[in-house]
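K.L.:
Sharing upload.txt here; it has compact mmCIF, C-alpha atoms and all ligand atoms.
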# COMPACT_ATOMS: atom_id res chain seq x y z
CA MET U 1 0.06 78.91 14.34
CA LEU U 2 -2.89 78.64 16.75
CA ARG U 3 -5.29 78.84 13.81
CA ARG U 4 -3.50 76.04 12.03
CA ILE U 5 -3.69 73.89 15.15
CA GLU U 6 -7.46 74.51 15.47
CA GLU U 7 -8.02 73.73 11.79
CA ALA U 8 -6.08 70.49 12.15
CA LYS U 9 -8.20 69.56 15.19
CA THR U 10 -11.49 70.23 13.36
CA ARG U 11 -10.35 68.26 10.28
CA ALA U 12 -9.21 65.33 12.40
CA GLU U 13 -12.51 65.23 14.32
CA ASP U 14 -14.56 65.39 11.09
CA ASP U 15 -12.51 62.61 9.52
CA LEU U 16 -12.82 60.45 12.67
CA ARG U 17 -16.61 60.69 12.58
CA ALA U 18 -16.54 59.31 9.04
CA VAL U 19 -14.36 56.31 9.97
CA ALA U 20 -16.53 53.14 9.93
CA ASP U 21 -14.14 50.18 10.24
CA LEU U 22 -10.85 49.06 11.77
CA LYS U 23 -8.91 49.31 8.51
CA LYS U 24 -9.80 52.99 8.06
CA ILE U 25 -9.02 53.95 11.62
CA GLU U 26 -5.39 52.93 11.17
CA ALA U 27 -5.16 55.25 8.13
CA TRP U 28 -6.73 57.99 10.27
CA ARG U 29 -4.14 57.46 13.04
CA ILE U 30 -1.26 57.79 10.57
CA ALA U 31 -2.78 60.91 8.98
CA HIS U 32 -3.69 62.79 12.20
CA LEU U 33 -1.34 61.48 14.89
CA GLY U 34 1.62 60.22 12.81
CA LYS U 35 4.95 61.99 12.35
CA LYS U 36 3.77 63.88 9.28
CA SER U 37 0.43 64.95 10.81
CA ALA U 38 -0.46 68.71 11.07
CA VAL U 39 -0.29 68.65 14.89
CA MET U 40 3.15 67.05 14.93
CA GLU U 41 4.38 69.48 12.32
CA ALA U 42 3.08 72.38 14.43
CA LEU U 43 5.02 71.02 17.40
CA ARG U 44 8.14 70.73 15.26
CA GLY U 45 7.73 74.42 14.12
CA LEU U 46 7.63 75.79 17.72
CA PRO U 47 11.35 76.77 17.98
CA ALA U 48 10.87 79.32 15.21
CA LEU U 49 8.21 81.23 17.24
CA SER U 50 8.65 83.95 19.81
CA LEU U 51 8.67 82.89 23.46
CA GLU U 52 5.11 84.06 24.16
CA GLU U 53 3.69 82.44 20.97
CA ARG U 54 5.69 79.28 21.61
CA LYS U 55 4.15 78.94 25.09
CA GLN U 56 0.56 79.30 23.84
CA ALA U 57 0.94 77.27 20.66
CA GLY U 58 2.95 74.54 22.44
CA ALA U 59 0.37 74.14 25.19
CA ARG U 60 -2.51 74.04 22.70
CA ALA U 61 -0.75 71.64 20.34
CA ASN U 62 -0.12 69.23 23.22
CA GLU U 63 -3.73 69.58 24.40
CA VAL U 64 -5.05 68.85 20.88
CA LYS U 65 -2.67 65.88 20.54
CA THR U 66 -3.99 64.41 23.85
CA LEU U 67 -7.61 65.08 22.83
CA LEU U 68 -7.13 63.37 19.47
CA GLU U 69 -5.35 60.42 21.06
CA GLU U 70 -8.24 59.93 23.49
CA ALA U 71 -10.80 60.27 20.65
CA TYR U 72 -8.83 57.67 18.66
CA ARG U 73 -8.77 55.26 21.62
CA GLN U 74 -12.53 55.55 22.17
CA LYS U 75 -13.32 55.11 18.47
CA LEU U 76 -11.02 52.08 18.24
CA GLU U 77 -12.74 50.45 21.20
CA SER U 78 -16.26 51.09 19.87
CA LEU U 79 -15.28 49.73 16.41
CA LYS U 80 -13.85 46.56 17.97
CA GLU U 81 -17.00 46.07 20.03
CA ALA U 82 -19.18 46.55 16.93
CA GLU U 83 -17.10 44.04 14.96
CA LEU U 84 -17.36 41.44 17.73
CA ALA U 85 -21.13 41.97 18.02
CA ALA U 86 -21.49 41.51 14.24
CA ALA U 87 -19.43 38.29 14.35
CA ILE U 88 -21.51 36.92 17.22
CA ALA U 89 -24.74 37.79 15.41
CA SER U 90 -23.66 36.15 12.16
CA GLU U 91 -22.27 32.97 13.83
CA SER U 92 -25.00 32.58 16.40
CA LEU U 93 -26.14 29.03 17.20
CA ASP U 94 -29.77 28.18 17.87
CA VAL U 95 -29.48 25.45 20.45
CA THR U 96 -33.22 24.75 20.24
CA LEU U 97 -32.91 23.48 16.61
CA PRO U 98 -33.08 19.67 16.22
CA GLY U 99 -29.61 18.05 15.86
CA HIS U 100 -28.26 16.13 12.87
CA PRO U 101 -29.11 12.44 13.32
CA PHE U 102 -26.10 10.10 13.68
CA ALA U 103 -26.59 6.81 11.81
CA LEU U 104 -25.86 4.11 14.40
CA GLY U 105 -23.97 1.05 13.21
CA ARG U 106 -25.16 -2.42 14.16
CA LEU U 107 -23.89 -5.96 14.16
CA HIS U 108 -24.23 -7.94 10.93
CA PRO U 109 -27.08 -10.50 11.13
CA THR U 110 -24.58 -13.37 10.88
CA THR U 111 -22.47 -11.94 13.72
CA GLN U 112 -25.64 -11.67 15.81
CA ALA U 113 -26.59 -15.27 14.99
CA VAL U 114 -23.09 -16.61 15.83
CA ALA U 115 -23.21 -14.80 19.19
CA GLU U 116 -26.70 -16.13 19.92
CA VAL U 117 -25.78 -19.75 19.10
CA CYS U 118 -22.66 -19.50 21.27
CA GLN U 119 -24.72 -18.06 24.14
CA VAL U 120 -27.18 -20.97 23.99
CA PHE U 121 -24.35 -23.50 24.16
CA ALA U 122 -22.43 -21.52 26.78
CA ALA U 123 -25.56 -21.69 28.95
CA MET U 124 -25.41 -25.51 28.53
CA GLY U 125 -21.79 -25.58 29.77
CA PHE U 126 -19.85 -25.44 26.47
CA GLU U 127 -16.75 -23.22 26.19
CA VAL U 128 -16.23 -21.11 23.04
CA VAL U 129 -12.93 -21.52 21.12
CA GLU U 130 -11.81 -20.01 17.79
CA GLY U 131 -9.29 -21.34 15.27
CA PRO U 132 -7.54 -20.60 11.95
CA GLU U 133 -9.37 -20.14 8.64
CA VAL U 134 -6.26 -21.03 6.61
CA GLU U 135 -5.80 -24.66 7.53
CA SER U 136 -3.51 -27.58 6.68
CA GLU U 137 -4.73 -30.60 4.75
CA TYR U 138 -3.96 -32.69 7.82
CA TYR U 139 -6.45 -30.99 10.16
CA ASN U 140 -9.12 -30.33 7.53
CA PHE U 141 -9.11 -33.89 6.12
CA GLU U 142 -6.54 -36.50 7.19
CA ALA U 143 -7.00 -36.28 10.96
CA LEU U 144 -10.75 -36.44 10.36
CA ASN U 145 -10.46 -39.88 8.76
CA ILE U 146 -10.51 -38.52 5.17
CA PRO U 147 -7.18 -39.61 3.60
CA ARG U 148 -6.00 -38.30 0.24
CA ASP U 149 -7.99 -39.82 -2.64
CA HIS U 150 -10.86 -40.79 -0.31
CA PRO U 151 -14.08 -40.26 -2.33
CA ALA U 152 -15.60 -38.36 0.63
CA ARG U 153 -13.33 -35.39 -0.21
CA ASP U 154 -15.82 -34.63 -2.97
CA MET U 155 -18.28 -33.58 -0.24
CA TRP U 156 -16.20 -30.44 0.31
CA ALA U 157 -15.24 -28.61 -2.88
CA THR U 158 -11.97 -27.11 -1.69
CA LEU U 159 -10.23 -23.78 -2.26
CA TRP U 160 -6.48 -24.58 -2.11
CA VAL U 161 -3.85 -21.99 -1.21
CA ASP U 162 -1.08 -21.62 -3.80
CA GLN U 163 1.78 -23.78 -2.47
CA SER U 164 4.35 -21.10 -3.41
CA ILE U 165 2.84 -18.68 -0.84
CA ALA U 166 1.71 -21.31 1.68
CA GLN U 167 5.15 -21.43 3.43
CA SER U 168 4.44 -24.99 4.53
CA ASP U 169 5.44 -28.54 3.55
CA GLN U 170 1.81 -29.49 4.06
CA ARG U 171 -0.78 -28.65 1.44
CA VAL U 172 -2.72 -25.60 2.69
CA LEU U 173 -6.38 -24.68 2.08
CA LEU U 174 -9.20 -22.42 3.22
CA ARG U 175 -10.98 -24.62 5.75
CA THR U 176 -14.09 -26.18 4.25
CA HIS U 177 -15.69 -26.73 7.66
CA THR U 178 -15.00 -25.99 11.35
CA SER U 179 -14.40 -29.69 12.13
CA PRO U 180 -10.53 -29.31 12.17
CA MET U 181 -11.07 -27.54 15.51
CA GLN U 182 -12.16 -30.88 17.01
CA ILE U 183 -8.62 -32.21 16.55
CA ARG U 184 -6.80 -28.96 17.41
CA THR U 185 -8.77 -28.68 20.66
CA MET U 186 -8.21 -32.28 21.74
CA GLU U 187 -4.44 -31.82 21.18
CA GLU U 188 -4.53 -29.35 24.06
CA ARG U 189 -7.25 -30.66 26.39
CA ARG U 190 -8.15 -33.86 28.21
CA PRO U 191 -11.72 -35.16 28.69
CA PRO U 192 -14.23 -34.17 29.87
CA VAL U 193 -14.41 -31.59 27.05
CA ARG U 194 -17.44 -29.59 25.93
CA ALA U 195 -16.70 -26.82 23.40
CA VAL U 196 -18.17 -24.94 20.43
CA PHE U 197 -16.07 -23.47 17.60
CA PRO U 198 -17.59 -20.60 15.57
CA GLY U 199 -16.02 -19.24 12.37
CA LYS U 200 -15.97 -18.70 8.61
CA VAL U 201 -15.64 -21.57 6.16
CA TYR U 202 -15.09 -21.58 2.37
CA ARG U 203 -16.20 -23.84 -0.46
CA TYR U 204 -15.56 -23.81 -4.19
CA GLU U 205 -19.25 -24.16 -4.83
CA ALA U 206 -21.89 -22.80 -7.22
CA THR U 207 -24.18 -20.53 -5.18
CA ASP U 208 -27.96 -20.75 -4.95
CA ALA U 209 -30.69 -19.63 -2.51
CA THR U 210 -29.33 -21.81 0.32
CA HIS U 211 -25.63 -22.13 -0.64
CA GLU U 212 -22.86 -19.49 -0.44
CA TRP U 213 -19.15 -19.95 -1.23
CA MET U 214 -18.25 -18.36 2.14
CA PHE U 215 -20.48 -18.96 5.14
CA HIS U 216 -20.26 -19.49 8.89
CA GLN U 217 -20.42 -22.66 10.93
CA VAL U 218 -20.55 -23.39 14.63
CA GLU U 219 -18.96 -26.73 15.41
CA GLY U 220 -19.65 -28.53 18.67
CA LEU U 221 -17.74 -31.29 20.48
CA ALA U 222 -18.37 -33.24 23.69
CA ILE U 223 -15.96 -35.98 24.81
CA ASP U 224 -16.28 -37.92 28.07
CA THR U 225 -16.98 -41.40 29.36
CA GLY U 226 -20.45 -42.77 28.71
CA ILE U 227 -21.68 -40.20 26.14
CA THR U 228 -24.39 -41.68 23.89
CA MET U 229 -26.52 -40.74 20.90
CA ALA U 230 -29.24 -39.77 23.37
CA ASP U 231 -26.96 -36.99 24.70
CA LEU U 232 -26.42 -35.74 21.14
CA LYS U 233 -30.14 -35.69 20.33
CA GLY U 234 -31.09 -34.18 23.70
CA THR U 235 -28.52 -31.38 23.33
CA LEU U 236 -29.55 -30.50 19.77
CA TYR U 237 -33.32 -30.68 20.47
CA GLU U 238 -32.78 -28.33 23.41
CA PHE U 239 -30.74 -25.99 21.21
CA ALA U 240 -33.50 -25.95 18.54
CA ARG U 241 -36.19 -25.34 21.18
CA ARG U 242 -34.27 -22.38 22.67
CA LEU U 243 -33.49 -20.80 19.30
CA PHE U 244 -36.57 -21.47 17.20
CA GLY U 245 -39.27 -21.98 19.87
CA ALA U 246 -41.19 -25.08 20.92
CA ASP U 247 -43.65 -24.93 17.99
CA ARG U 248 -41.00 -25.52 15.29
CA LYS U 249 -40.31 -29.13 14.28
CA ALA U 250 -36.81 -30.66 14.18
CA ARG U 251 -35.99 -33.89 12.35
CA PHE U 252 -32.99 -36.28 12.46
CA ARG U 253 -32.08 -38.52 9.53
CA CYS U 254 -29.13 -40.79 8.86
CA ASP U 255 -26.23 -39.15 7.04
CA TYR U 256 -22.62 -39.99 6.30
CA PHE U 257 -19.51 -38.10 7.46
CA PRO U 258 -16.21 -40.04 7.62
CA PHE U 259 -15.39 -38.65 11.08
CA VAL U 260 -18.56 -39.84 12.87
CA GLU U 261 -20.29 -43.20 13.27
CA PRO U 262 -23.25 -43.18 13.16
CA GLY U 263 -23.81 -39.86 11.35
CA VAL U 264 -27.01 -37.80 11.16
CA GLU U 265 -28.33 -34.56 9.74
CA MET U 266 -30.80 -32.35 11.53
CA ALA U 267 -33.37 -30.24 9.70
CA ILE U 268 -36.01 -27.69 10.80
CA ASP U 269 -39.42 -27.43 9.09
CA CYS U 270 -39.32 -24.89 6.22
CA PHE U 271 -40.47 -21.39 7.31
CA ALA U 272 -41.73 -20.52 3.83
CA CYS U 273 -44.15 -23.42 3.24
CA LYS U 274 -44.55 -24.67 6.86
CA GLY U 275 -43.45 -28.11 5.72
CA ALA U 276 -45.71 -28.42 2.65
CA GLY U 277 -42.79 -28.23 0.18
CA CYS U 278 -41.65 -25.23 -1.89
CA ARG U 279 -38.83 -23.90 -4.09
CA LEU U 280 -36.72 -22.92 -1.07
CA CYS U 281 -36.75 -26.36 0.57
CA LYS U 282 -36.66 -28.02 -2.85
CA GLY U 283 -40.07 -29.56 -2.21
CA SER U 284 -38.99 -31.48 0.92
CA GLY U 285 -40.64 -29.25 3.57
CA TRP U 286 -37.36 -29.25 5.58
CA ILE U 287 -34.21 -27.09 5.67
CA GLU U 288 -31.04 -28.86 6.81
CA ILE U 289 -29.11 -26.89 9.41
CA LEU U 290 -26.46 -29.26 10.66
CA GLY U 291 -24.54 -32.49 10.33
CA ALA U 292 -23.70 -34.48 13.47
CA GLY U 293 -22.84 -37.88 14.89
CA MET U 294 -20.87 -39.94 17.40
CA VAL U 295 -17.12 -39.28 17.09
CA HIS U 296 -15.57 -42.09 15.00
CA PRO U 297 -13.25 -44.47 16.99
CA GLU U 298 -10.41 -43.69 14.55
CA VAL U 299 -10.79 -39.96 15.23
CA LEU U 300 -10.97 -40.60 18.99
CA ARG U 301 -7.61 -42.36 18.73
CA ARG U 302 -6.15 -39.35 16.83
CA MET U 303 -7.42 -37.23 19.72
CA GLY U 304 -5.45 -39.42 22.13
CA CYS U 305 -8.57 -41.03 23.64
CA ASP U 306 -9.23 -44.78 24.00
CA PRO U 307 -12.52 -45.63 22.18
CA GLU U 308 -13.03 -48.47 24.72
CA THR U 309 -13.33 -46.02 27.61
CA HIS U 310 -14.30 -42.72 25.96
CA SER U 311 -16.97 -41.58 23.53
CA GLY U 312 -18.32 -38.31 22.28
CA PHE U 313 -20.56 -36.46 19.87
CA ALA U 314 -19.87 -33.68 17.37
CA PHE U 315 -22.01 -31.42 15.21
CA GLY U 316 -21.46 -28.65 12.65
CA MET U 317 -24.23 -26.20 11.77
CA GLY U 318 -24.62 -23.59 9.03
CA VAL U 319 -25.15 -20.28 10.83
CA GLU U 320 -26.75 -18.27 7.98
CA ARG U 321 -29.58 -20.77 7.81
CA ILE U 322 -30.63 -19.80 11.34
CA PRO U 323 -31.72 -16.18 10.58
CA MET U 324 -33.14 -17.52 7.30
CA LEU U 325 -35.38 -19.90 9.23
CA ARG U 326 -36.28 -17.39 11.93
CA TYR U 327 -36.95 -14.29 9.84
CA GLY U 328 -37.99 -15.82 6.52
CA VAL U 329 -34.92 -14.71 4.48
CA GLU U 330 -35.44 -16.38 1.13
CA ASP U 331 -31.93 -16.16 -0.29
CA ILE U 332 -28.66 -16.65 1.61
CA ARG U 333 -26.85 -14.37 -0.86
CA HIS U 334 -28.62 -11.32 0.63
CA PHE U 335 -26.31 -11.58 3.67
CA TYR U 336 -23.15 -10.68 1.76
CA SER U 337 -24.42 -8.45 -1.05
CA ASN U 338 -24.06 -5.41 1.26
CA ASP U 339 -27.52 -4.02 0.54
CA PHE U 340 -28.30 -1.70 3.48
CA ARG U 341 -32.05 -2.02 2.87
CA PHE U 342 -31.67 -5.70 3.83
CA LEU U 343 -29.03 -5.36 6.57
CA ARG U 344 -30.95 -2.58 8.40
CA LYS U 345 -33.82 -4.97 9.09
CA PHE U 346 -31.81 -6.86 11.70
C1 LIG U 401 -20.01 -30.44 7.52
O1 LIG U 401 -19.42 -29.39 7.16
C2 LIG U 401 -19.52 -31.24 8.66
N1 LIG U 401 -18.23 -30.77 9.09
C3 LIG U 401 -20.55 -31.15 9.79
C4 LIG U 401 -20.30 -32.16 10.89
C5 LIG U 401 -19.59 -31.77 11.99
C6 LIG U 401 -20.79 -33.47 10.78
C7 LIG U 401 -19.37 -32.69 13.03
C8 LIG U 401 -20.59 -34.39 11.79
C9 LIG U 401 -19.87 -33.99 12.93
P1 LIG U 401 -21.96 -30.15 5.83
O2 LIG U 401 -21.12 -29.99 4.62
O3 LIG U 401 -23.23 -30.86 5.65
O4 LIG U 401 -21.18 -30.82 7.00
O5 LIG U 401 -22.26 -28.67 6.39
C10 LIG U 401 -22.88 -28.47 7.64
C11 LIG U 401 -23.97 -27.41 7.53
O6 LIG U 401 -23.43 -26.24 6.94
C12 LIG U 401 -25.11 -27.80 6.63
O7 LIG U 401 -26.07 -28.54 7.35
C13 LIG U 401 -25.67 -26.48 6.20
O8 LIG U 401 -26.51 -25.93 7.22
C14 LIG U 401 -24.44 -25.63 6.14
N2 LIG U 401 -23.94 -25.50 4.76
C15 LIG U 401 -23.31 -26.41 4.02
N3 LIG U 401 -22.95 -25.92 2.83
C16 LIG U 401 -23.35 -24.63 2.82
C17 LIG U 401 -23.27 -23.56 1.87
N4 LIG U 401 -22.66 -23.70 0.70
N5 LIG U 401 -23.80 -22.37 2.21
C18 LIG U 401 -24.40 -22.21 3.41
N6 LIG U 401 -24.51 -23.15 4.35
C19 LIG U 401 -24.00 -24.37 4.06
As structure tokens, how would this structure be written, given the file I've shared?
Ligand code: FA5

P.N.:
Amino acid sequence: MLRRIEEAKTRAEDDLRAVADLKKIEAWRIAHLGKKSAVMEALRGLPALSLEERKQAGARANEVKTLLEEAYRQKLESLKEAELAAAIASESLDVTLPGHPFALGRLHPTTQAVAEVCQVFAAMGFEVVEGPEVESEYYNFEALNIPRDHPARDMWATLWVDQSIAQSDQRVLLRTHTSPMQIRTMEERRPPVRAVFPGKVYRYEATDATHEWMFHQVEGLAIDTGITMADLKGTLYEFARRLFGADRKARFRCDYFPFVEPGVEMAIDCFACKGAGCRLCKGSGWIEILGAGMVHPEVLRRMGCDPETHSGFAFGMGVERIPMLRYGVEDIRHFYSNDFRFLRKF
């Protein structure tokens, strides 16, 4: 019996030396320390021995069992340590390597221009107010002195909203300009009022280098007693000086809008040809950026103001034309064609 116990010990120790991973050590434990192992069988065979043999064999079998259990524990620990070290080595992170660059987003050039225009006017004491892009016929046309069938409606090729989804008795449209905000604002405020209204506008229009079907406007309105054309020109010259610099030229010419009297347009000298005349400015040397004028007495009345005591000016500018003039963008359609090579420049 003692010989069998020693043989079992030697075999178990040899096998343990050959074990190289955690899966195999479990098989070793079952084979050499499990119920059917040689040591356990020797222990089970003890009752059949004589008293003297039983004492010796029992003591040795227990000793061997304890030795093998300790050897198993040590091997298990060293295998676990080796596995952890291997995992750490294979997953190691070199913190000195350069990181992956994160592409930073930025504001769209039009968003930047809207913000800049609003800042210039805010610094001159104008508040900034926003309004709806889906508008009623009343605010977009009628309240602005453009009744149905008035020929001036042709100035704004209109995108109408299908009446079946409009949920309104009024005819509904995508606003063709930001001027409806003049009326909406005066319904809620009393003079003196100075406000600018930025936002998107839509026109059913063939596009070209300076015309888009969706673009942005910033409308402006000042109503008080004693406001004159000189206030309008002074405000807009100051705006042009702050945005384009003192060396750029600005020009006013007469224009017609049913909601102002008199009406003007303001243009800045063309960046491409410096005023000589080119394809972009259609040979004129100037690029129109806004329409403006003194608020028409009829519109003042709609606003609840007496034209005898109150007066005011209004203007509406095309925002995309501002970065075009400042950075030499030759086609307005670049702004909304989503070409990152263009958008990243701003
Ligand atoms: C108007 O929209 C008037 N509501 C402006 C106004 C307001 C006049 C207050 C008087 C008092 P107009 O259609 O001209 O006017 O447009 C104003 C500006 O928007 C133009 O000067 C131009 O800079 C810009 N603009 C007009 N059409 C387009 C277009 N299709 N694409 C890009 N910009 C345009």

K.L.:
Which chains and residue numbers are within 6 Å of ligand LIG 401 (chain U), counting all atoms listed in the file, if I want them as a PDB file with C-alpha atoms, keeping the file's coordinate frame?

P.N.:
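Full text of result24.pdb as output:
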ATOM      1  CA  HIS U 177     -15.690 -26.730   7.660  1.00  0.00           C
ATOM      2  CA  SER U 179     -14.400 -29.690  12.130  1.00  0.00           C
ATOM      3  CA  THR U 210     -29.330 -21.810   0.320  1.00  0.00           C
ATOM      4  CA  HIS U 211     -25.630 -22.130  -0.640  1.00  0.00           C
ATOM      5  CA  GLU U 212     -22.860 -19.490  -0.440  1.00  0.00           C
ATOM      6  CA  TRP U 213     -19.150 -19.950  -1.230  1.00  0.00           C
ATOM      7  CA  PHE U 215     -20.480 -18.960   5.140  1.00  0.00           C
ATOM      8  CA  PHE U 257     -19.510 -38.100   7.460  1.00  0.00           C
ATOM      9  CA  VAL U 260     -18.560 -39.840  12.870  1.00  0.00           C
ATOM     10  CA  GLU U 288     -31.040 -28.860   6.810  1.00  0.00           C
ATOM     11  CA  ILE U 289     -29.110 -26.890   9.410  1.00  0.00           C
ATOM     12  CA  LEU U 290     -26.460 -29.260  10.660  1.00  0.00           C
ATOM     13  CA  GLY U 291     -24.540 -32.490  10.330  1.00  0.00           C
ATOM     14  CA  ALA U 292     -23.700 -34.480  13.470  1.00  0.00           C
ATOM     15  CA  GLY U 293     -22.840 -37.880  14.890  1.00  0.00           C
ATOM     16  CA  ALA U 314     -19.870 -33.680  17.370  1.00  0.00           C
ATOM     17  CA  PHE U 315     -22.010 -31.420  15.210  1.00  0.00           C
ATOM     18  CA  GLY U 316     -21.460 -28.650  12.650  1.00  0.00           C
ATOM     19  CA  MET U 317     -24.230 -26.200  11.770  1.00  0.00           C
ATOM     20  CA  GLY U 318     -24.620 -23.590   9.030  1.00  0.00           C
TER      21      GLY U 318
END

K.L.:
Identify which of the residues U:Gly283, U:Pro180, U:Gly199, U:Pro98 lies closest to Glu320 of chain U, counting only C-alpha atoms when measuring atom-to-atom distances.

P.N.:
U:Gly199

K.L.:
Identify the residues around (-6.3, -38.8, 7.8) within a radius of 12 Å, measuring from all atoms listed in the file in the coordinates stated by the file, and give them as a list in words.

P.N.:
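Using all atoms listed in the file, the matching residues come out as Ser136, Glu137, Tyr138, Tyr139, Asn140, Phe141, Glu142, Ala143, Leu144, Asn145, Ile146, Pro147, Arg148, Asp149, His150, Ala152, Arg153, Pro180, Ile183, Pro258, Phe259, Glu298, Val299, Arg301 and Arg302 of chain U.
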
K.L.:
For Leu221 of chain U, work out the shell of residues within 9 Å, counting all atoms listed in the file and skipping chain neighbours fewer than 6 positions away, then give it as a list in words.

P.N.:
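Once the nearby chain positions are removed, what remains is Phe126, Gln182, Val193, Arg194, Ala195, Val196, Phe197, Val295, Gly312, Phe313, Ala314 and Phe315 of chain U.
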
K.L.:
Please provide the set of residues having any atom within 6 Å of segment 223-228 of chain U, restricted to all atoms listed in the file, with same-chain residues fewer than 3 positions apart removed, written as an MDAnalysis selection string.

P.N.:
chainID U and resid 191:193 231 310:312

K.L.:
Ranking U:Lys200, U:Pro109, U:Val134, U:Gly99 by minimum distance to Lys345 of chain U and counting all atoms listed in the file, which one comes first?

P.N.:
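For Lys345 of chain U, the nearest of the given residues is U:Pro109.
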
K.L.:
Which residue gives the smallest distance to Leu84 of chain U among U:Leu97, U:Gln163, U:Leu107, U:Asp21, with only C-alpha atoms counted?

P.N.:
U:Asp21

K.L.:
Separation of atom CA of Tyr204 of chain U and atom CA of Cys254 of chain U, in Å?

P.N.:
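Distance between the two atoms: 25.4 Å.
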
K.L.:
Calculate how many Å separate atom CA of Asp331 of chain U from atom CA of Met181 of chain U, rounding to one decimal.

P.N.:
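Atom CA of Met181 of chain U lies 28.5 Å from atom CA of Asp331 of chain U.
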
K.L.:
Give as a list in words the set of residues within 10 Å of the point (-27.1, -17.0, 11.4), where distances use the file's coordinates and all atoms listed in the file.

P.N.:
His108, Pro109, Thr110, Thr111, Gln112, Ala113, Val114, Ala115, Glu116, Val117, Phe215, His216, Gln217, Val218, Met317, Gly318, Val319, Glu320, Arg321, Ile322, Pro323, Met324, Leu325, Arg326, Ile332 and Phe335 of chain U

K.L.:
In Å, with one decimal, what is the gap from atom CA of Arg60 of chain U to atom CA of Met40 of chain U?

P.N.:
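That distance, rounded to one decimal, is 11.9 Å.
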
K.L.:
Which of these residues is nearest to Leu67 of chain U, using all atoms listed in the file: U:Ala12, U:Leu104, U:Ala31, U:Ala42?

P.N.:
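Among the listed residues, the smallest separation from Leu67 of chain U belongs to U:Ala12.
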
K.L.:
Excluding same-chain residues fewer than 2 positions from Arg3 of chain U, what lies within 12 Å of it counting only C-alpha atoms, as a list in words?

P.N.:
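Surrounding residues, per the criterion: Met1, Ile5, Glu6, Glu7, Ala8, Lys9, Thr10, Ala38, Val39, Ala42, Gln56, Ala57, Arg60 and Ala61 of chain U.
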
K.L.:
For Leu16 of chain U, list every protein, DNA or RNA residue within 8 Å, evaluated using only C-alpha atoms, and leave out those in the same chain fewer than 2 positions away; present the list as a PyMOL selection string.

P.N.:
chain U and resi 12-14+18-19+25+28+72+75

K.L.:
Give me the residues within 12 Å of Gly105 of chain U as a list in words, counting all atoms listed in the file and dropping any in the same chain fewer than 5 places off.

P.N.:
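In the requested form, the answer reads Phe340, Leu343, Arg344 and Phe346 of chain U.
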
K.L.:
I need the residues from that last selection saved to file as a PDB file, in the frame of the given file (with C-alpha atoms), if you can.

P.N.:
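So again.pdb came out as:
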ATOM      1  CA  PHE U 340     -28.300  -1.700   3.480  1.00  0.00           C
ATOM      2  CA  LEU U 343     -29.030  -5.360   6.570  1.00  0.00           C
ATOM      3  CA  ARG U 344     -30.950  -2.580   8.400  1.00  0.00           C
ATOM      4  CA  PHE U 346     -31.810  -6.860  11.700  1.00  0.00           C
TER       5      PHE U 346
END

K.L.:
Choose the residue, out of U:Pro47, U:Gly125, U:Pro101, U:Pro262, that has the smallest atom-to-atom separation from Pro297 of chain U; count all atoms listed in the file.

P.N.:
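Among the listed residues, the smallest separation from Pro297 of chain U belongs to U:Pro262.
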